[in-house]
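*Asks:* Compact mmCIF, C-alpha atoms, saved as upload-v2.txt, coming up:
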```
# COMPACT_ATOMS: atom_id res chain seq x y z
CA MET A 1 6.54 34.70 -5.58
CA LYS A 2 3.12 33.34 -6.51
CA GLN A 3 0.22 33.37 -4.03
CA GLU A 4 -1.22 29.93 -3.27
CA THR A 5 -4.06 29.02 -5.65
CA ILE A 6 -6.44 26.16 -4.99
CA HIS A 7 -6.77 23.98 -8.07
CA ALA A 8 -9.29 21.43 -6.80
CA ASP A 9 -12.34 21.17 -9.08
CA LYS A 10 -15.98 21.25 -7.95
CA VAL A 11 -16.38 17.47 -7.74
CA GLN A 12 -13.23 17.14 -5.69
CA LEU A 13 -14.41 19.87 -3.32
CA ALA A 14 -17.82 18.18 -2.98
CA TYR A 15 -16.10 14.88 -2.16
CA ALA A 16 -13.78 16.60 0.35
CA GLY A 17 -16.72 18.37 2.01
CA ILE A 18 -18.74 15.24 2.66
CA LEU A 19 -15.62 13.23 3.58
CA GLY A 20 -14.56 15.79 6.20
CA LYS A 21 -18.01 15.94 7.84
CA ALA A 22 -18.63 12.18 7.73
CA THR A 23 -15.19 11.40 9.17
CA THR A 24 -15.54 13.88 12.05
CA LEU A 25 -18.91 12.32 12.88
CA GLY A 26 -17.35 8.85 12.63
CA ILE A 27 -14.54 9.69 15.04
CA ALA A 28 -17.03 11.06 17.57
CA PHE A 29 -19.16 7.95 17.11
CA ILE A 30 -16.32 5.46 17.68
CA ILE A 31 -15.14 7.31 20.81
CA ILE A 32 -18.64 7.50 22.34
CA GLY A 33 -19.39 3.89 21.37
CA TYR A 34 -16.16 2.69 22.95
CA ILE A 35 -16.71 4.61 26.20
CA LEU A 36 -20.17 3.01 26.48
CA TYR A 37 -18.56 -0.38 25.80
CA ALA A 38 -15.34 -0.33 27.84
CA PHE A 39 -16.90 1.34 30.89
CA GLN A 40 -19.91 -0.96 30.55
CA LEU A 41 -22.38 1.90 30.70
CA LEU A 42 -24.78 -0.19 28.63
CA PRO A 43 -25.42 -3.94 28.93
CA LEU A 44 -23.11 -6.08 26.76
CA SER A 45 -23.97 -8.97 24.47
CA LEU A 46 -20.69 -10.62 25.51
CA PRO A 47 -18.67 -9.90 28.69
CA ILE A 48 -15.33 -8.22 27.96
CA GLU A 49 -13.48 -10.87 30.00
CA GLN A 50 -14.78 -13.57 27.65
CA VAL A 51 -13.60 -11.63 24.60
CA ALA A 52 -10.16 -11.21 26.19
CA ALA A 53 -9.96 -14.90 27.12
CA ASN A 54 -10.54 -15.91 23.50
CA TRP A 55 -8.92 -13.24 21.36
CA HIS A 56 -5.99 -15.59 20.66
CA LEU A 57 -8.32 -17.85 18.63
CA ARG A 58 -8.88 -17.66 14.88
CA ALA A 59 -11.84 -15.43 14.04
CA SER A 60 -13.88 -18.44 12.87
CA GLU A 61 -13.20 -20.39 16.09
CA PHE A 62 -13.86 -17.31 18.21
CA HIS A 63 -17.33 -16.89 16.73
CA HIS A 64 -17.97 -20.63 16.87
CA GLN A 65 -17.53 -20.47 20.63
CA LEU A 66 -18.94 -17.02 21.40
CA ASP A 67 -21.86 -14.94 20.23
CA ALA A 68 -20.06 -11.67 19.52
CA PRO A 69 -21.36 -8.98 17.12
CA MET A 70 -20.49 -9.86 13.53
CA GLY A 71 -21.54 -8.33 10.20
CA TRP A 72 -25.06 -7.01 9.70
CA SER A 73 -26.52 -9.28 12.40
CA CYS A 74 -25.41 -6.69 14.98
CA PHE A 75 -28.37 -4.49 14.03
CA SER A 76 -30.78 -7.04 15.48
CA ASP A 77 -29.88 -5.88 19.01
CA PRO A 78 -28.21 -2.47 18.83
CA ALA A 79 -28.86 -1.35 22.42
CA LYS A 80 -25.74 -3.09 23.75
CA GLY A 81 -22.40 -1.38 24.45
CA ASP A 82 -20.27 -3.78 22.39
CA VAL A 83 -22.76 -3.76 19.52
CA LEU A 84 -22.80 0.05 19.40
CA SER A 85 -19.02 0.11 19.32
CA TYR A 86 -19.10 -2.42 16.48
CA ILE A 87 -21.69 -0.35 14.58
CA SER A 88 -19.38 2.67 14.86
CA LEU A 89 -16.75 0.68 12.93
CA ILE A 90 -19.38 -0.32 10.36
CA TYR A 91 -20.15 3.38 9.95
CA LEU A 92 -16.46 4.06 9.25
CA GLY A 93 -16.63 1.39 6.53
CA ALA A 94 -19.60 3.16 4.94
CA VAL A 95 -18.09 6.67 4.72
CA THR A 96 -16.31 6.09 1.39
CA MET A 97 -19.52 4.78 -0.23
CA LEU A 98 -21.36 7.95 0.77
CA CYS A 99 -18.57 10.11 -0.68
CA LEU A 100 -18.53 8.12 -3.94
CA PHE A 101 -22.27 8.60 -4.29
CA VAL A 102 -21.83 12.38 -3.93
CA ALA A 103 -18.95 12.31 -6.46
CA GLY A 104 -21.01 10.21 -8.90
CA ILE A 105 -23.88 12.68 -8.80
CA ALA A 106 -21.50 15.64 -9.22
CA PHE A 107 -19.80 14.00 -12.23
CA PHE A 108 -23.23 13.24 -13.71
CA ARG A 109 -24.20 16.91 -13.42
CA GLU A 110 -20.99 17.81 -15.23
CA LYS A 111 -21.94 15.27 -17.93
CA ASN A 112 -18.66 13.44 -17.38
CA ILE A 113 -19.76 9.96 -18.43
CA ILE A 114 -16.47 8.17 -17.75
CA TYR A 115 -16.18 9.31 -14.15
CA THR A 116 -19.91 8.99 -13.45
CA PHE A 117 -19.48 5.36 -14.45
CA LEU A 118 -16.23 4.90 -12.49
CA SER A 119 -17.70 6.47 -9.32
CA PHE A 120 -20.83 4.32 -9.37
CA ALA A 121 -18.87 1.20 -10.39
CA GLN A 122 -16.52 1.79 -7.46
CA MET A 123 -19.49 2.28 -5.18
CA ALA A 124 -21.02 -0.97 -6.48
CA VAL A 125 -17.81 -2.87 -5.66
CA LEU A 126 -17.89 -1.53 -2.09
CA ILE A 127 -21.61 -2.31 -1.73
CA PHE A 128 -20.93 -5.81 -3.02
CA SER A 129 -18.25 -6.25 -0.37
CA ALA A 130 -20.44 -4.69 2.33
CA ALA A 131 -23.33 -6.99 1.43
CA GLY A 132 -21.10 -9.90 2.40
CA ILE A 133 -22.13 -12.05 -0.56
CA LEU A 134 -18.66 -13.55 -1.01
CA SER A 135 -17.67 -13.43 2.63
CA GLY A 136 -20.82 -15.09 3.94
CA GLY A 137 -22.40 -11.95 5.36
CA HIS A 138 -24.46 -12.25 8.52
CA MET B 1 18.99 24.46 17.10
CA VAL B 2 17.89 23.90 20.70
CA LEU B 3 14.47 22.95 19.41
CA LYS B 4 16.01 20.52 16.94
CA HIS B 5 17.99 18.77 19.69
CA CYS B 6 14.90 18.73 21.88
CA GLY B 7 12.96 17.16 19.03
CA ILE B 8 15.61 14.51 18.44
CA ARG B 9 15.58 13.67 22.14
CA ILE B 10 11.78 13.36 22.11
CA VAL B 11 11.82 11.06 19.10
CA PHE B 12 14.58 8.88 20.50
CA SER B 13 12.64 8.63 23.76
CA VAL B 14 9.57 7.57 21.80
CA ILE B 15 11.51 4.97 19.81
CA ALA B 16 13.17 3.69 22.97
CA MET B 17 9.78 3.41 24.63
CA VAL B 18 8.44 1.47 21.65
CA LEU B 19 11.41 -0.89 21.81
CA PHE B 20 11.32 -1.32 25.57
CA LEU B 21 7.57 -1.55 25.86
CA THR B 22 7.29 -4.17 23.17
CA PRO B 23 9.56 -6.86 24.64
CA GLY B 24 7.79 -6.35 27.97
CA LEU B 25 4.49 -7.11 26.38
CA ALA B 26 6.04 -9.86 24.33
CA PHE B 27 7.30 -11.53 27.47
CA ALA B 28 3.79 -11.50 28.89
CA ALA B 29 2.36 -12.74 25.60
CA GLY B 30 4.83 -15.53 25.18
CA SER B 31 4.98 -16.68 28.79
CA ALA B 32 3.42 -19.84 30.08
CA VAL B 33 0.98 -17.75 32.11
CA PRO B 34 -2.48 -18.01 30.56
CA VAL B 35 -3.48 -14.91 28.68
CA GLU B 36 -6.56 -14.34 30.84
CA VAL B 37 -4.36 -13.84 33.97
CA THR B 38 -3.39 -10.42 32.61
CA ALA B 39 -6.39 -8.14 33.01
CA TRP B 40 -7.94 -7.23 29.64
CA TRP B 41 -7.62 -3.51 30.29
CA VAL B 42 -3.82 -3.85 30.66
CA TRP B 43 -3.62 -5.14 27.08
CA VAL B 44 -6.07 -2.55 25.80
CA LEU B 45 -4.26 0.29 27.54
CA GLY B 46 -0.91 -1.12 26.39
CA LEU B 47 -2.25 -1.28 22.85
CA PHE B 48 -3.42 2.34 22.99
CA VAL B 49 -0.05 3.58 24.30
CA PHE B 50 1.83 1.42 21.83
CA THR B 51 -0.19 2.57 18.80
CA PHE B 52 0.10 6.18 19.98
CA LEU B 53 3.92 5.87 19.97
CA LEU B 54 3.78 3.98 16.69
CA GLY B 55 1.71 6.80 15.19
CA ILE B 56 4.36 9.39 16.15
CA VAL B 57 7.19 7.30 14.72
CA ALA B 58 5.24 6.33 11.58
CA VAL B 59 4.48 9.86 10.47
CA ILE B 60 8.05 11.04 11.11
CA ALA B 61 9.43 8.08 9.16
CA GLY B 62 6.97 8.79 6.33
CA VAL B 63 5.21 5.42 6.42
CA GLY B 64 1.57 4.54 6.99
CA GLY B 65 0.55 3.18 10.36
CA GLY B 66 -0.92 -0.04 8.94
CA VAL B 67 2.35 -1.39 7.61
CA LEU B 68 3.98 -1.07 11.04
CA TYR B 69 0.90 -2.08 13.03
CA VAL B 70 0.25 -5.58 11.65
CA PRO B 71 3.73 -7.15 11.88
CA ILE B 72 4.58 -5.59 15.24
CA VAL B 73 1.26 -6.13 17.02
CA SER B 74 0.88 -9.68 15.67
CA SER B 75 4.39 -10.44 16.92
CA PHE B 76 4.16 -8.95 20.38
CA PHE B 77 0.51 -8.95 21.50
CA PRO B 78 -1.67 -11.98 22.33
CA PHE B 79 -4.34 -11.29 19.67
CA HIS B 80 -4.80 -13.72 16.80
CA ILE B 81 -3.42 -12.44 13.52
CA ASP B 82 -6.97 -12.48 12.04
CA PHE B 83 -8.00 -9.73 14.48
CA VAL B 84 -4.72 -7.86 14.02
CA ARG B 85 -5.18 -7.79 10.23
CA GLY B 86 -8.81 -6.65 10.56
CA THR B 87 -7.72 -3.91 12.94
CA GLY B 88 -4.75 -3.00 10.73
CA LEU B 89 -7.16 -2.20 7.91
CA PHE B 90 -9.23 0.04 10.19
CA VAL B 91 -6.11 1.78 11.47
CA ALA B 92 -5.07 2.54 7.89
CA LEU B 93 -8.64 3.41 6.87
CA ALA B 94 -9.24 5.85 9.74
CA GLY B 95 -5.93 7.61 9.04
CA ALA B 96 -6.71 7.85 5.32
CA LEU B 97 -10.23 9.17 5.91
CA SER B 98 -8.95 11.85 8.29
CA ALA B 99 -6.20 12.98 5.94
CA GLY B 100 -8.31 12.72 2.76
CA SER B 101 -10.43 15.86 3.02
CA PRO B 102 -7.64 18.48 3.40
CA LEU B 103 -5.53 16.79 0.71
CA LEU B 104 -8.44 16.89 -1.75
CA ARG B 105 -9.26 20.51 -0.90
CA LYS B 106 -5.67 21.59 -1.54
CA GLY B 107 -5.73 19.81 -4.88
CA LEU B 108 -2.81 17.58 -3.91
CA ALA B 109 -4.83 14.36 -4.00
CA ASN B 110 -6.37 13.84 -7.42
CA LEU B 111 -9.82 12.26 -7.56
CA LYS B 112 -9.57 11.15 -11.20
CA LEU B 113 -6.16 9.55 -10.74
CA ALA B 114 -7.37 7.76 -7.60
CA LEU B 115 -10.67 6.53 -9.07
CA SER B 116 -8.95 5.19 -12.18
CA MET B 117 -6.51 3.10 -10.18
CA SER B 118 -8.66 2.10 -7.20
CA LEU B 119 -11.47 0.30 -9.02
CA ILE B 120 -9.36 -2.70 -9.91
CA GLY B 121 -7.32 -2.38 -6.70
CA SER B 122 -10.44 -2.58 -4.51
CA MET B 123 -11.64 -5.71 -6.33
CA SER B 124 -8.31 -7.41 -5.79
CA SER B 125 -8.21 -6.33 -2.14
CA ILE B 126 -11.53 -8.15 -1.59
CA ALA B 127 -9.98 -11.25 -3.18
CA GLY B 128 -6.86 -10.82 -1.04
CA ALA B 129 -8.92 -10.56 2.15
CA LEU B 130 -10.88 -13.71 1.29
CA VAL B 131 -7.71 -15.66 0.51
CA GLY B 132 -5.94 -14.30 3.60
CA LEU B 133 -8.72 -15.38 5.94
CA ALA B 134 -8.90 -18.85 4.37
CA LEU B 135 -5.18 -19.69 4.53
CA PRO B 136 -3.66 -21.54 7.52
CA GLU B 137 -2.06 -19.32 10.16
CA ASN B 138 1.51 -20.50 9.57
CA VAL B 139 1.25 -19.76 5.84
CA ILE B 140 -0.04 -16.27 6.62
CA GLN B 141 2.77 -15.65 9.12
CA MET B 142 5.40 -16.86 6.66
CA SER B 143 4.09 -14.84 3.74
CA LEU B 144 3.60 -11.78 5.99
CA GLY B 145 7.20 -12.14 7.17
CA LEU B 146 8.47 -12.35 3.59
CA THR B 147 6.30 -9.40 2.52
CA ILE B 148 7.48 -7.23 5.41
CA LEU B 149 11.11 -8.10 4.69
CA GLY B 150 10.44 -7.18 1.04
CA ILE B 151 8.92 -3.85 2.12
CA THR B 152 11.97 -3.24 4.33
CA ILE B 153 14.25 -3.68 1.30
CA ILE B 154 12.02 -1.43 -0.86
CA MET B 155 12.05 1.28 1.84
CA PHE B 156 15.81 0.98 2.22
CA LEU B 157 16.56 1.20 -1.49
CA ALA B 158 13.70 3.34 -2.81
CA LYS B 159 14.51 6.66 -4.37
CA ASN B 160 11.87 9.11 -5.44
CA SER B 161 11.52 11.84 -7.97
CA ALA B 162 9.93 15.06 -6.74
CA TYR B 163 8.96 16.42 -10.16
CA PRO B 164 9.11 13.79 -12.92
CA GLN B 165 8.97 15.25 -16.42
CA ILE B 166 6.42 13.39 -18.58
CA SER B 167 6.43 14.63 -22.15
CA HIS B 168 4.20 11.95 -23.71
CA PRO B 169 1.19 10.85 -21.64
CA ASP B 170 -0.17 7.45 -22.68
CA ALA B 171 -3.47 6.99 -24.56
CA LEU B 172 -5.37 5.56 -21.58
CA SER B 173 -4.45 8.45 -19.28
CA ARG B 174 -5.56 10.89 -21.99
CA VAL B 175 -8.93 9.14 -22.33
CA LEU B 176 -9.29 9.13 -18.55
CA GLN B 177 -8.36 12.84 -18.38
CA ILE B 178 -5.64 12.16 -15.80
CA TYR B 179 -3.59 15.31 -15.53
CA GLY B 180 -3.59 18.20 -13.13
CA ILE B 181 -2.03 21.23 -11.57
CA TYR B 182 -1.24 22.01 -7.95
CA TYR B 183 0.41 24.78 -5.97
CA ASP B 184 3.79 23.63 -4.66
CA GLU B 185 4.59 25.25 -1.32
CA HIS B 186 8.28 24.44 -1.68
CA LEU B 187 8.68 25.94 -5.16
CA LYS B 188 6.08 28.67 -4.46
CA LYS B 189 4.54 28.15 -7.86
CA ASP B 190 1.98 26.04 -9.74
CA VAL B 191 3.19 22.67 -11.01
CA GLU B 192 1.47 20.98 -13.96
CA TRP B 193 1.64 17.23 -14.26
CA GLN B 194 0.48 14.29 -16.36
CA ILE B 195 1.20 10.57 -16.28
CA HIS B 196 2.32 7.72 -18.51
CA ARG B 197 2.39 3.88 -18.36
CA SER B 198 -1.21 3.70 -17.02
CA PRO B 199 -1.74 0.01 -18.01
CA VAL B 200 1.40 -0.98 -16.05
CA GLY B 201 0.10 1.05 -13.10
CA LEU B 202 -3.25 -0.75 -13.22
CA ALA B 203 -1.51 -4.14 -13.16
CA LEU B 204 0.62 -3.10 -10.18
CA PHE B 205 -2.37 -1.72 -8.27
CA THR B 206 -4.10 -5.08 -8.73
CA LEU B 207 -1.18 -6.77 -7.00
CA ILE B 208 -0.91 -4.11 -4.28
CA GLY B 209 -4.65 -4.32 -3.54
CA PHE B 210 -4.43 -8.10 -3.18
CA MET B 211 -1.53 -7.87 -0.72
CA ALA B 212 -3.16 -5.07 1.28
CA GLY B 213 -6.35 -7.12 1.66
CA MET B 214 -4.51 -10.32 2.45
CA PHE B 215 -2.31 -8.91 5.20
CA GLY B 216 -4.43 -5.97 6.41
CA LEU B 217 -1.59 -3.59 5.56
CA GLY B 218 -2.11 -0.05 4.45
CA ALA B 219 -0.45 0.12 1.06
CA GLY B 220 1.21 3.55 1.02
CA TRP B 221 4.63 1.86 0.89
CA ALA B 222 3.71 0.53 -2.56
CA ASN B 223 1.19 3.09 -3.84
CA VAL B 224 3.62 6.02 -3.62
CA PRO B 225 6.47 4.44 -5.65
CA VAL B 226 3.98 3.26 -8.31
CA PHE B 227 2.36 6.70 -8.66
CA ASN B 228 5.71 8.49 -8.55
CA LEU B 229 8.24 6.23 -10.27
CA VAL B 230 6.03 4.18 -12.63
CA LEU B 231 3.26 6.60 -13.57
CA GLY B 232 5.37 9.73 -13.20
CA ALA B 233 3.12 11.79 -10.90
CA PRO B 234 4.92 14.41 -8.74
CA LEU B 235 5.88 13.12 -5.29
CA ARG B 236 3.41 15.34 -3.40
CA VAL B 237 0.54 14.27 -5.67
CA SER B 238 1.65 10.63 -5.30
CA VAL B 239 1.68 10.74 -1.50
CA ALA B 240 -1.67 12.54 -1.28
CA THR B 241 -3.42 10.39 -3.88
CA SER B 242 -2.02 7.25 -2.27
CA VAL B 243 -3.85 8.16 0.95
CA PHE B 244 -7.02 8.55 -1.02
CA VAL B 245 -6.65 5.20 -2.87
CA LEU B 246 -5.99 3.58 0.48
CA SER B 247 -9.32 4.81 1.85
CA ILE B 248 -11.14 3.07 -1.03
CA ASN B 249 -9.17 -0.19 -1.19
CA ASP B 250 -9.07 -0.68 2.57
CA THR B 251 -12.82 -0.09 2.80
CA ALA B 252 -13.40 -2.94 0.33
CA ALA B 253 -11.22 -5.36 2.31
CA ALA B 254 -12.42 -4.13 5.73
CA TRP B 255 -15.96 -5.27 4.94
CA VAL B 256 -14.71 -8.81 4.31
CA TYR B 257 -13.00 -8.81 7.71
CA LEU B 258 -16.17 -7.43 9.33
CA HIS B 259 -18.30 -10.20 7.82
CA LYS B 260 -15.79 -12.89 8.76
CA GLY B 261 -15.87 -11.66 12.38
CA ALA B 262 -12.21 -10.61 12.28
CA VAL B 263 -12.82 -7.16 13.78
CA LEU B 264 -13.16 -6.80 17.55
CA PRO B 265 -14.04 -3.28 18.74
CA LEU B 266 -12.19 -3.98 22.00
CA ILE B 267 -8.92 -4.09 20.00
CA ALA B 268 -9.80 -1.96 16.98
CA VAL B 269 -10.98 1.26 18.65
CA PRO B 270 -7.97 1.87 20.97
CA SER B 271 -5.68 1.10 18.03
CA VAL B 272 -7.44 3.56 15.74
CA ALA B 273 -7.59 6.24 18.47
CA GLY B 274 -3.94 5.74 19.49
CA MET B 275 -2.69 5.86 15.93
CA MET B 276 -4.69 8.97 15.03
CA LEU B 277 -3.56 10.83 18.13
CA GLY B 278 0.04 9.74 17.56
CA THR B 279 0.08 10.86 13.93
CA LYS B 280 -1.20 14.30 14.95
CA ILE B 281 1.65 14.68 17.47
CA GLY B 282 4.11 13.20 14.96
CA ALA B 283 3.06 15.75 12.34
CA LYS B 284 3.86 18.56 14.81
CA LEU B 285 7.29 17.06 15.58
CA LEU B 286 8.04 16.51 11.90
CA THR B 287 9.95 19.75 11.41
CA LYS B 288 11.91 19.36 14.64
CA VAL B 289 13.58 15.99 14.08
CA HIS B 290 15.98 14.28 11.71
CA THR B 291 13.53 12.21 9.70
CA ASN B 292 16.30 10.11 8.13
CA VAL B 293 17.46 8.80 11.50
CA VAL B 294 13.91 7.89 12.52
CA ARG B 295 13.30 6.31 9.13
CA ARG B 296 16.34 4.07 9.59
CA VAL B 297 15.13 3.00 13.03
CA VAL B 298 11.68 2.20 11.59
CA ILE B 299 13.28 0.15 8.81
CA GLY B 300 15.17 -1.73 11.53
CA LEU B 301 11.93 -2.27 13.50
CA LEU B 302 10.19 -3.57 10.38
CA ALA B 303 13.06 -5.95 9.64
CA VAL B 304 12.86 -7.40 13.17
CA ALA B 305 9.06 -7.73 13.00
CA GLY B 306 9.26 -9.34 9.54
CA LEU B 307 11.88 -11.81 10.70
CA ARG B 308 9.84 -12.64 13.77
CA ALA B 309 6.71 -13.26 11.66
CA LEU B 310 8.73 -15.49 9.34
CA LEU B 311 10.11 -17.51 12.26
CA LYS B 312 6.62 -17.81 13.74
CA GLY B 313 5.47 -19.17 10.40
CA PHE B 314 8.14 -21.87 10.62
CA GLY B 315 7.02 -22.61 14.18
CA ILE B 316 10.25 -21.30 15.70
```
Translate the structure described by the file into structure tokens.

*Replies:*
Amino acid sequence: MKQETIHADKVQLAYAGILGKATTLGIAFIIIGYILYAFQLLPLSLPIEQVAANWHLRASEFHHQLDAPMGWSCFSDPAKGDVLSYISLIYLGAVTMLCLFVAGIAFFREKNIIYTFLSFAQMAVLIFSAAGILSGGH
Amino acid sequence: MVLKHCGIRIVFSVIAMVLFLTPGLAFAAGSAVPVEVTAWWVWVLGLFVFTFLLGIVAVIAGVGGGVLYVPIVSSFFPFHIDFVRGTGLFVALAGALSAGSPLLRKGLANLKLALSMSLIGSMSSIAGALVGLALPENVIQMSLGLTILGITIIMFLAKNSAYPQISHPDALSRVLQIYGIYYDEHLKKDVEWQIHRSPVGLALFTLIGFMAGMFGLGAGWANVPVFNLVLGAPLRVSVATSVFVLSINDTAAAWVYLHKGAVLPLIAVPSVAGMMLGTKIGAKLLTKVHTNVVRRVVIGLLAVAGLRALLKGFGI
């Protein structure tokens, strides 16, 4: 019977390391943000009752009627419970980009041109999406 | 033996609770009583409990949470399908991010295989999200219903191959250095693997990415068969790498939903928390229950949710 051997290479381990830490931080962030929001421990940009009264509307109609946090505009007034909770979700959306950056650098150090390119190209696609150019980012 | 029976009882209780809880909520959602009469926290708490139970069932049935979340929650809760799809992506994303690190460390998920397939998949998932948010609601409901019914059939019929033998890797996979070795806990030995038909895989991942972005579904139901049956990666590598691809593709689409305002923290956070907690409990129950029985029940649940979405699309 063979003893378990770990076959993950250095880049993979670097990616796993940053992913594990960033995700743990993200989970803590979304829980704290939500407690501040749901228990209204911080002022809100939009009362929860108003959100609940309109969550049956299309997203476009919802935001036409209410001024809820949306896209990058949330950073203009971050000291609100609902905005902080929203930012915690934005953080979750940024974790993969951070990991790809770490992987890209690690591949570059290994002189692996193909995967340096693929890592940074993948990161560029995610940044493009995060910038909201096609989706009318706010 | 006693433990096994105990486990079966627990899982059946969970499934029964899912089934009984859902029509209760559906009645409230579909009744003539205005939505705002029901206190917001009742829905939020209901959503947390529901996603927690869904998380247990999903992991035992071997499916991702996202594929169950969108059709069921959009059918039985009062939230617009835009918000459900946005949340569905975050549910799948959070699960994939949590699972990603240990799978990469163990060498089960393969970074090179994932990066090669996810680049084109993430681009198409952005396109899918944009199209999905632009289409009329009834078209989305109809196509979601058809897609879910399709997934139900795939899950019902799909076979897998634990250790496919690939003697001739294709040229593209050789250029991209896609091959690997992992320690198989079942065989108690190292397993070497390589893949073939990479161009076909790329085409399929384009389609999968588009559908995942359009409907806010996690795409494990499609990623795994493509990695395993089309490309010829071992089943364990396929499952682990699928989780990893999901974290990249869903991130790309999730940003579109964020910018279009289709993510509400009030709905998204309890869903993510419930699903993550449920999957942890489900993973512990995994060895104590008959996964095939649960899987059949989940296929049944999906079929009902798909049919309901289809009927909603037709205005019935």

*Asks:* For chain B, which residue among A:Ala79, A:Ile35, A:Ala68, A:Ala53 is the nearest when counting only C-alpha atoms?

*Replies:*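 Among A:Ala79, A:Ile35, A:Ala68, A:Ala53, it is A:Ala53 that comes nearest to chain B.
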
*Asks:* Residues at most 9 Å from A:Leu44, counting all atoms listed in the file, excluding those fewer than 2 positions away in the same chain, as a ChimeraX atom specification?

*Replies:* /A:37,40-42,46-48,79-83

*Asks:* Would you please work out which residue, of B:Phe77, B:Trp221, B:Tyr69, B:Phe215, is nearest to chain A when using only C-alpha atoms?

*Replies:*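 Result for the nearest residue to chain A: B:Phe77.
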
*Asks:* Using only C-alpha atoms, collect all residues at a distance of at most 10 Å from (-9.7, -12.2, 18.6) as written in the file, then present them as a list in words.

*Replies:*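 Looking at atoms near the point gives Val51, Ala52, Ala53, Asn54, Trp55, His56, Leu57, Arg58, Ala59, Ser60, Glu61, Phe62 and His63 of chain A; Pro78, Phe79, His80, Ile81, Asp82, Phe83, Val84, Gly86, Gly261, Ala262, Val263, Leu264, Pro265, Leu266 and Ile267 of chain B.
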
*Asks:* Have a look at atom CA of B:Leu310 and atom CA of B:Gly132 and let me know their distance in Å, one decimal.

*Replies:*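 Straight-line distance from atom CA of B:Leu310 to atom CA of B:Gly132 works out to 15.8 Å.
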